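J.: Dropping in final.cif, which is mmCIF, C-alpha atoms:
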```cif
data_work
#
loop_
_atom_site.group_PDB
_atom_site.id
_atom_site.type_symbol
_atom_site.label_atom_id
_atom_site.label_comp_id
_atom_site.auth_asym_id
_atom_site.auth_seq_id
_atom_site.Cartn_x
_atom_site.Cartn_y
_atom_site.Cartn_z
ATOM 1 C CA MET L 303 0.556 -20.961 -29.978
ATOM 2 C CA THR L 304 4.316 -20.979 -30.089
ATOM 3 C CA ASN L 305 6.497 -22.355 -27.351
ATOM 4 C CA THR L 306 7.968 -18.902 -26.738
ATOM 5 C CA GLN L 307 4.514 -17.455 -26.083
ATOM 6 C CA GLN L 308 3.716 -20.348 -23.765
ATOM 7 C CA ASN L 309 6.894 -19.922 -21.724
ATOM 8 C CA SER L 310 6.955 -16.127 -21.583
ATOM 9 C CA TRP L 311 4.843 -15.832 -18.448
ATOM 10 C CA ARG L 312 6.671 -18.773 -16.857
ATOM 11 C CA ASP L 313 10.018 -17.091 -17.544
ATOM 12 C CA GLN L 314 8.665 -13.840 -16.142
ATOM 13 C CA LEU L 315 7.561 -15.591 -12.928
ATOM 14 C CA GLU L 316 10.905 -17.364 -12.598
ATOM 15 C CA ILE L 317 12.750 -14.049 -12.883
ATOM 16 C CA MET L 318 10.419 -12.568 -10.263
ATOM 17 C CA ARG L 319 10.949 -15.573 -7.995
ATOM 18 C CA THR L 320 14.704 -15.035 -7.936
ATOM 19 C CA ASP L 321 14.951 -11.233 -8.261
ATOM 20 C CA GLU L 322 11.785 -9.938 -6.568
ATOM 21 C CA PRO L 323 10.416 -12.596 -4.194
ATOM 22 C CA VAL L 324 7.877 -10.259 -2.577
ATOM 23 C CA LEU L 325 6.373 -9.365 -5.952
ATOM 24 C CA TYR L 326 6.424 -13.050 -6.927
ATOM 25 C CA GLU L 327 4.452 -13.918 -3.784
ATOM 26 C CA THR L 328 1.995 -11.119 -4.566
ATOM 27 C CA VAL L 329 1.411 -12.503 -8.069
ATOM 28 C CA ILE L 330 0.870 -16.042 -6.740
ATOM 29 C CA ARG L 331 -1.626 -14.746 -4.175
ATOM 30 C CA HIS L 332 -3.348 -12.750 -6.912
ATOM 31 C CA PHE L 333 -3.657 -15.977 -8.932
ATOM 32 C CA MET L 334 -5.151 -17.757 -5.912
ATOM 33 C CA LEU L 335 -7.677 -14.998 -5.252
ATOM 34 C CA THR L 336 -8.688 -14.853 -8.902
ATOM 35 C CA MET L 337 -9.102 -18.640 -9.028
ATOM 36 C CA GLU L 338 -11.289 -18.513 -5.949
ATOM 37 C CA ARG L 339 -13.321 -15.587 -7.321
ATOM 38 C CA GLU L 340 -13.882 -17.478 -10.587
ATOM 39 C CA GLY L 341 -14.811 -20.688 -8.758
ATOM 40 C CA LEU L 342 -11.749 -22.583 -10.010
ATOM 41 C CA MET L 343 -10.340 -23.127 -6.515
ATOM 42 C CA THR L 344 -12.035 -23.207 -3.154
ATOM 43 C CA SER L 345 -10.506 -22.933 0.275
ATOM 44 C CA ASP L 346 -11.346 -26.634 0.711
ATOM 45 C CA SER L 347 -9.425 -27.623 -2.423
ATOM 46 C CA LEU L 348 -6.517 -25.457 -1.298
ATOM 47 C CA GLU L 349 -6.624 -27.143 2.110
ATOM 48 C CA ALA L 350 -6.606 -30.556 0.407
ATOM 49 C CA ALA L 351 -3.622 -29.508 -1.722
ATOM 50 C CA VAL L 352 -1.717 -28.308 1.346
ATOM 51 C CA SER L 353 -2.582 -31.566 3.140
ATOM 52 C CA GLU L 354 -1.269 -33.534 0.175
ATOM 53 C CA ILE L 355 1.913 -31.453 -0.006
ATOM 54 C CA THR L 356 2.612 -31.702 3.715
ATOM 55 C CA GLY L 357 1.530 -35.328 3.998
ATOM 56 C CA ASN L 358 -0.701 -34.321 6.905
ATOM 57 C CA ASN L 359 -4.245 -35.554 6.255
ATOM 58 C CA VAL L 360 -5.664 -33.735 9.271
ATOM 59 C CA PHE L 361 -4.223 -30.358 8.289
ATOM 60 C CA ILE L 362 -6.557 -27.637 9.563
ATOM 61 C CA HIS L 363 -7.052 -24.701 7.217
ATOM 62 C CA TRP L 364 -5.437 -21.491 8.521
ATOM 63 C CA SER L 365 -8.720 -19.592 8.284
ATOM 64 C CA ASN L 366 -9.984 -21.420 11.375
ATOM 65 C CA PRO L 367 -9.477 -18.849 14.165
ATOM 66 C CA ASN L 368 -9.711 -21.533 16.864
ATOM 67 C CA ARG L 369 -6.606 -23.374 15.686
ATOM 68 C CA PRO L 370 -2.982 -22.299 15.786
ATOM 69 C CA GLU L 371 -1.631 -21.082 12.489
ATOM 70 C CA PRO L 372 0.146 -23.934 10.739
ATOM 71 C CA THR L 373 3.744 -23.575 9.735
ATOM 72 C CA LEU L 374 4.972 -24.830 6.418
ATOM 73 C CA SER L 375 8.568 -25.382 5.436
ATOM 74 C CA GLU L 376 10.004 -23.372 2.553
ATOM 75 C CA GLU L 377 9.886 -26.527 0.379
ATOM 76 C CA GLU L 378 6.181 -27.000 1.160
ATOM 77 C CA ILE L 379 5.439 -23.346 0.425
ATOM 78 C CA GLU L 380 7.298 -23.588 -2.887
ATOM 79 C CA ALA L 381 5.356 -26.779 -3.726
ATOM 80 C CA LEU L 382 2.114 -24.898 -3.040
ATOM 81 C CA ARG L 383 3.226 -22.004 -5.271
ATOM 82 C CA SER L 384 4.132 -24.485 -7.997
ATOM 83 C CA MET L 385 0.702 -26.102 -7.706
ATOM 84 C CA VAL L 386 -0.949 -22.687 -8.094
ATOM 85 C CA ARG L 387 1.166 -21.933 -11.196
ATOM 86 C CA GLU L 388 0.249 -25.304 -12.731
ATOM 87 C CA ARG L 389 -3.452 -24.807 -12.018
ATOM 88 C CA ALA L 390 -3.204 -21.378 -13.630
ATOM 89 C CA ALA L 391 -1.593 -22.928 -16.707
ATOM 90 C CA ASP L 392 -4.333 -25.573 -16.871
ATOM 91 C CA GLN L 393 -7.253 -23.177 -16.381
ATOM 92 C CA TRP L 394 -6.274 -19.978 -18.179
ATOM 93 C CA SER L 395 -4.846 -18.908 -21.509
ATOM 94 C CA ASP L 396 -1.342 -17.450 -21.685
ATOM 95 C CA GLU L 397 -2.877 -14.077 -22.498
ATOM 96 C CA LYS L 398 -5.023 -14.122 -19.359
ATOM 97 C CA ILE L 399 -2.075 -15.168 -17.191
ATOM 98 C CA ASN L 400 0.027 -12.327 -18.629
ATOM 99 C CA ASP L 401 -2.827 -9.893 -17.951
ATOM 100 C CA LEU L 402 -3.110 -11.139 -14.359
ATOM 101 C CA ILE L 403 0.633 -10.702 -13.829
ATOM 102 C CA ILE L 404 0.435 -7.164 -15.230
ATOM 103 C CA LEU L 405 -2.565 -6.402 -13.010
ATOM 104 C CA ALA L 406 -0.785 -7.655 -9.875
ATOM 105 C CA ILE L 407 2.242 -5.490 -10.706
ATOM 106 C CA LYS L 408 0.005 -2.475 -11.428
ATOM 107 C CA LYS L 409 -1.749 -2.908 -8.092
ATOM 108 C CA GLU L 410 1.597 -3.003 -6.287
ATOM 109 C CA LEU L 411 2.841 0.086 -8.131
ATOM 110 C CA ALA L 412 -0.433 1.950 -7.482
ATOM 111 C CA LEU L 413 -0.254 1.119 -3.782
ATOM 112 C CA ARG L 414 3.362 2.252 -3.633
ATOM 113 C CA LEU L 415 2.482 5.471 -5.512
ATOM 114 C CA THR L 416 -0.332 6.196 -3.066
ATOM 115 C CA GLU L 417 1.942 5.627 -0.081
ATOM 116 C CA MET L 418 4.673 7.793 -1.578
ATOM 117 C CA ALA L 419 2.236 10.596 -2.454
ATOM 118 C CA ASP L 420 0.899 10.575 1.116
ATOM 119 C CA ASP L 421 4.410 10.590 2.621
ATOM 120 C CA PRO L 422 5.608 14.194 3.055
ATOM 121 C CA PHE L 423 9.228 12.997 3.167
ATOM 122 C CA THR L 424 9.123 11.477 -0.325
ATOM 123 C CA SER L 425 10.950 13.712 -2.778
ATOM 124 C CA TRP L 426 9.374 14.880 -6.002
ATOM 125 C CA ALA L 427 12.090 13.043 -7.940
ATOM 126 C CA GLU L 428 11.227 9.746 -6.224
ATOM 127 C CA LEU L 429 7.539 10.300 -6.901
ATOM 128 C CA ALA L 430 8.268 11.166 -10.541
ATOM 129 C CA GLN L 431 10.375 8.007 -10.956
ATOM 130 C CA GLU L 432 7.638 5.810 -9.507
ATOM 131 C CA THR L 433 5.004 7.469 -11.701
ATOM 132 C CA LYS L 434 7.190 6.797 -14.751
ATOM 133 C CA GLU L 435 7.486 3.143 -13.712
ATOM 134 C CA PHE L 436 3.710 2.876 -13.503
ATOM 135 C CA SER L 437 3.282 4.567 -16.879
ATOM 136 C CA LYS L 438 5.678 2.065 -18.504
ATOM 137 C CA MET L 439 3.319 -0.790 -17.626
ATOM 138 C CA PRO L 440 1.333 -2.094 -20.581
ATOM 139 C CA ILE L 441 -2.348 -1.352 -20.339
ATOM 140 C CA GLY L 442 -3.315 -5.018 -20.747
ATOM 141 C CA GLY L 443 -6.792 -6.521 -20.630
ATOM 142 C CA SER L 444 -7.042 -6.224 -16.860
ATOM 143 C CA THR L 445 -7.423 -2.816 -15.295
ATOM 144 C CA LEU L 446 -7.141 -1.623 -11.720
ATOM 145 C CA SER L 447 -10.317 -1.587 -9.694
ATOM 146 C CA LEU L 448 -12.032 1.778 -9.555
ATOM 147 C CA SER L 449 -11.204 2.190 -5.866
ATOM 148 C CA ASP L 450 -7.488 1.428 -6.394
ATOM 149 C CA ALA L 451 -7.233 3.818 -9.339
ATOM 150 C CA MET L 452 -9.279 6.553 -7.660
ATOM 151 C CA GLY L 453 -7.291 6.351 -4.417
ATOM 152 C CA THR L 454 -4.007 6.675 -6.273
ATOM 153 C CA ARG L 455 -5.304 9.547 -8.400
ATOM 154 C CA VAL L 456 -6.569 11.471 -5.379
ATOM 155 C CA ALA L 457 -3.270 10.982 -3.516
ATOM 156 C CA LEU L 458 -1.292 12.261 -6.530
ATOM 157 C CA ILE L 459 -3.647 15.207 -7.086
ATOM 158 C CA ARG L 460 -3.435 16.212 -3.407
ATOM 159 C CA ARG L 461 0.356 16.022 -3.443
ATOM 160 C CA LEU L 462 1.154 17.497 -6.838
ATOM 161 C CA LEU L 463 -1.691 19.859 -7.708
ATOM 162 C CA SER L 464 -4.047 20.934 -4.944
ATOM 163 C CA ASP L 465 -5.875 19.662 -1.917
ATOM 164 C CA GLN L 466 -8.884 21.948 -2.410
ATOM 165 C CA LEU L 467 -12.009 19.819 -2.311
ATOM 166 C CA GLU L 468 -13.653 21.431 -5.357
ATOM 167 C CA PHE L 469 -10.562 20.820 -7.465
ATOM 168 C CA LEU L 470 -10.195 17.244 -6.200
ATOM 169 C CA GLU L 471 -13.793 16.446 -7.159
ATOM 170 C CA ILE L 472 -13.235 17.528 -10.754
ATOM 171 C CA ALA L 473 -9.664 16.298 -11.200
ATOM 172 C CA ARG L 474 -10.191 12.781 -9.806
ATOM 173 C CA ASN L 475 -12.799 12.097 -12.494
ATOM 174 C CA THR L 476 -10.775 13.721 -15.271
ATOM 175 C CA LEU L 477 -7.131 12.761 -14.736
ATOM 176 C CA THR L 478 -5.674 9.276 -14.851
ATOM 177 C CA ILE L 479 -2.572 7.977 -13.097
ATOM 178 C CA ARG L 480 -0.683 8.047 -16.409
ATOM 179 C CA ASP L 481 -1.419 11.802 -16.723
ATOM 180 C CA PHE L 482 1.032 12.510 -13.923
#
```
Translate this structure into structure tokens?

T.:
Amino acid sequence: MTNTQQNSWRDQLEIMRTDEPVLYETVIRHFMLTMEREGLMTSDSLEAAVSEITGNNVFIHWSNPNRPEPTLSEEEIEALRSMVRERAADQWSDEKINDLIILAIKKELALRLTEMADDPFTSWAELAQETKEFSKMPIGGSTLSLSDAMGTRVALIRRLLSDQLEFLEIARNTLTIRDF
């Protein structure tokens, strides 16, 4: 594995961190959820990491509804994000990390497409531009969940083609988001 391949996802995240902080946060959260789903990180280990970062050994995890939500400084939040990136680098291959980044971006674009298709004030040109942006995304090893893809397809079909139920039933199983 070359150094360029190893740093490509890191460079991509650094660009996101400075240019698109909301998308960067989404990718980091996607990493955390995937780690938890795969059993690589638990809420307890995350709590321990936050306790270590903050220096507060009695830090109560924010999922406890009986406690006030803790506040972290921007430095502590960035340290937590850095820890997640390092755990990702330790646990996953560069290819998997790139696929997860692509999947997080696809999910954001699909959500935005769905919202735009459902908004009657969104122009056709804006919808076309967003659809082109989605279509530019590499397919990658990770694909959108069936519910995310189906919801976006149905929203686009309703907006661009027809909202007749019979047509929707056929088209949602035939067309893909890239077809628009």

J.: May I have the residues within 12 Å of Leu335 (chain L) as a VMD selection string, using all atoms listed in the file and disregarding those fewer than 6 positions away in the same chain?

T.: chain L and resid 328 to 329 341 to 345 348 386 390 402 406

J.: On this structure, the PyMOL selection byres ((chain L and resi 414) around 12) would catch which residues? List them as a list of chain:residue names, sorted by chain and number.

T.: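 When the PyMOL selection byres ((chain L and resi 414) around 12) is applied to the shown file, the picked residues are L:Ile407, L:Lys408, L:Lys409, L:Glu410, L:Leu411, L:Ala412, L:Leu413, L:Leu415, L:Thr416, L:Glu417, L:Met418, L:Ala419, L:Asp420, L:Asp421, L:Thr424, L:Glu428, L:Leu429, L:Gln431, L:Glu432, L:Thr433, L:Glu435, L:Phe436, L:Asp450, L:Gly453, L:Thr454, L:Ala457, L:Leu458.
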
J.: Find the distance between CA of Ser353 (chain L) and CA of Leu382 (chain L) and write it in Å to one decimal.

T.: 10.2 Å

J.: Taking the file above as input, evaluate the PyMOL selection byres ((chain L and resi 391) around 12) and report the hits as a list in words.

T.: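 Selected by the PyMOL selection byres ((chain L and resi 391) around 12) in this file: Gln308, Asn309, Ser310, Trp311, Arg312, Phe333, Met337, Ser384, Met385, Val386, Arg387, Glu388, Arg389, Ala390, Asp392, Gln393, Trp394, Ser395, Asp396, Glu397, Lys398, Ile399 and Asn400 of chain L.
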
J.: Looking at all atoms listed in the file, which of L:Arg461, L:Lys438, L:His332, L:Arg455 is the one that sits closest to Trp426 (chain L)?

T.: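 Ranked by minimum distance to Trp426 (chain L), first place goes to L:Arg461.
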
J.: Which distance in Å separates CA of Arg339 (chain L) and CA of Met318 (chain L), to one decimal?

T.: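 Rounded to one decimal, the two atoms are 24.1 Å apart.
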
J.: So the first atom is CA of Met439 (chain L) and the second is CA of Thr336 (chain L); what is the distance between them in Å, to one decimal place?

T.: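 Atom-to-atom, CA of Met439 (chain L) and CA of Thr336 (chain L) are spaced 20.4 Å apart.
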
J.: Counting all atoms listed in the file, which residue out of L:Ser444, L:Arg383, L:Gln314, L:Glu349 sits closest to Arg331 (chain L)?

T.: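 Distance minimum relative to Arg331 (chain L) lands on L:Arg383.
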
J.: With a distance cut-off of 10 Å and all atoms listed in the file, select the neighbouring residues of Pro440 (chain L), excluding the residue or stretch itself and same-chain residues fewer than 6 positions from it, and output the selection as a PyMOL selection string.

T.: chain L and resi 401+404-405+408

J.: Write the residues of the selection above to a file with C-alpha atoms, as a PDB file, in the coordinates of the input.

T.:
```
ATOM      1  CA  ASP L 401      -2.827  -9.893 -17.951  1.00  0.00           C
ATOM      2  CA  ILE L 404       0.435  -7.164 -15.230  1.00  0.00           C
ATOM      3  CA  LEU L 405      -2.565  -6.402 -13.010  1.00  0.00           C
ATOM      4  CA  LYS L 408       0.005  -2.475 -11.428  1.00  0.00           C
TER       5      LYS L 408
END
```

J.: Pick the closest to Ala381 (chain L) from L:Val352, L:Leu467, L:Leu446, L:Val324: which is it, counting all atoms listed in the file?

T.: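 Of the candidates, the smallest distance to Ala381 (chain L) is held by L:Val352.
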
J.: So which one's closest to Glu354 (chain L), L:Glu378, L:Glu322, L:Ala451, L:Asp313? Using all atoms listed in the file, please.

T.: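 Closest candidate: L:Glu378.
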
J.: Smallest atom-to-atom distance to Ile459 (chain L): which of L:Ala427, L:Leu325, L:Ile479, L:Ala351, using all atoms listed in the file?

T.: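 Closest to Ile459 (chain L), using all atoms listed in the file: L:Ile479.
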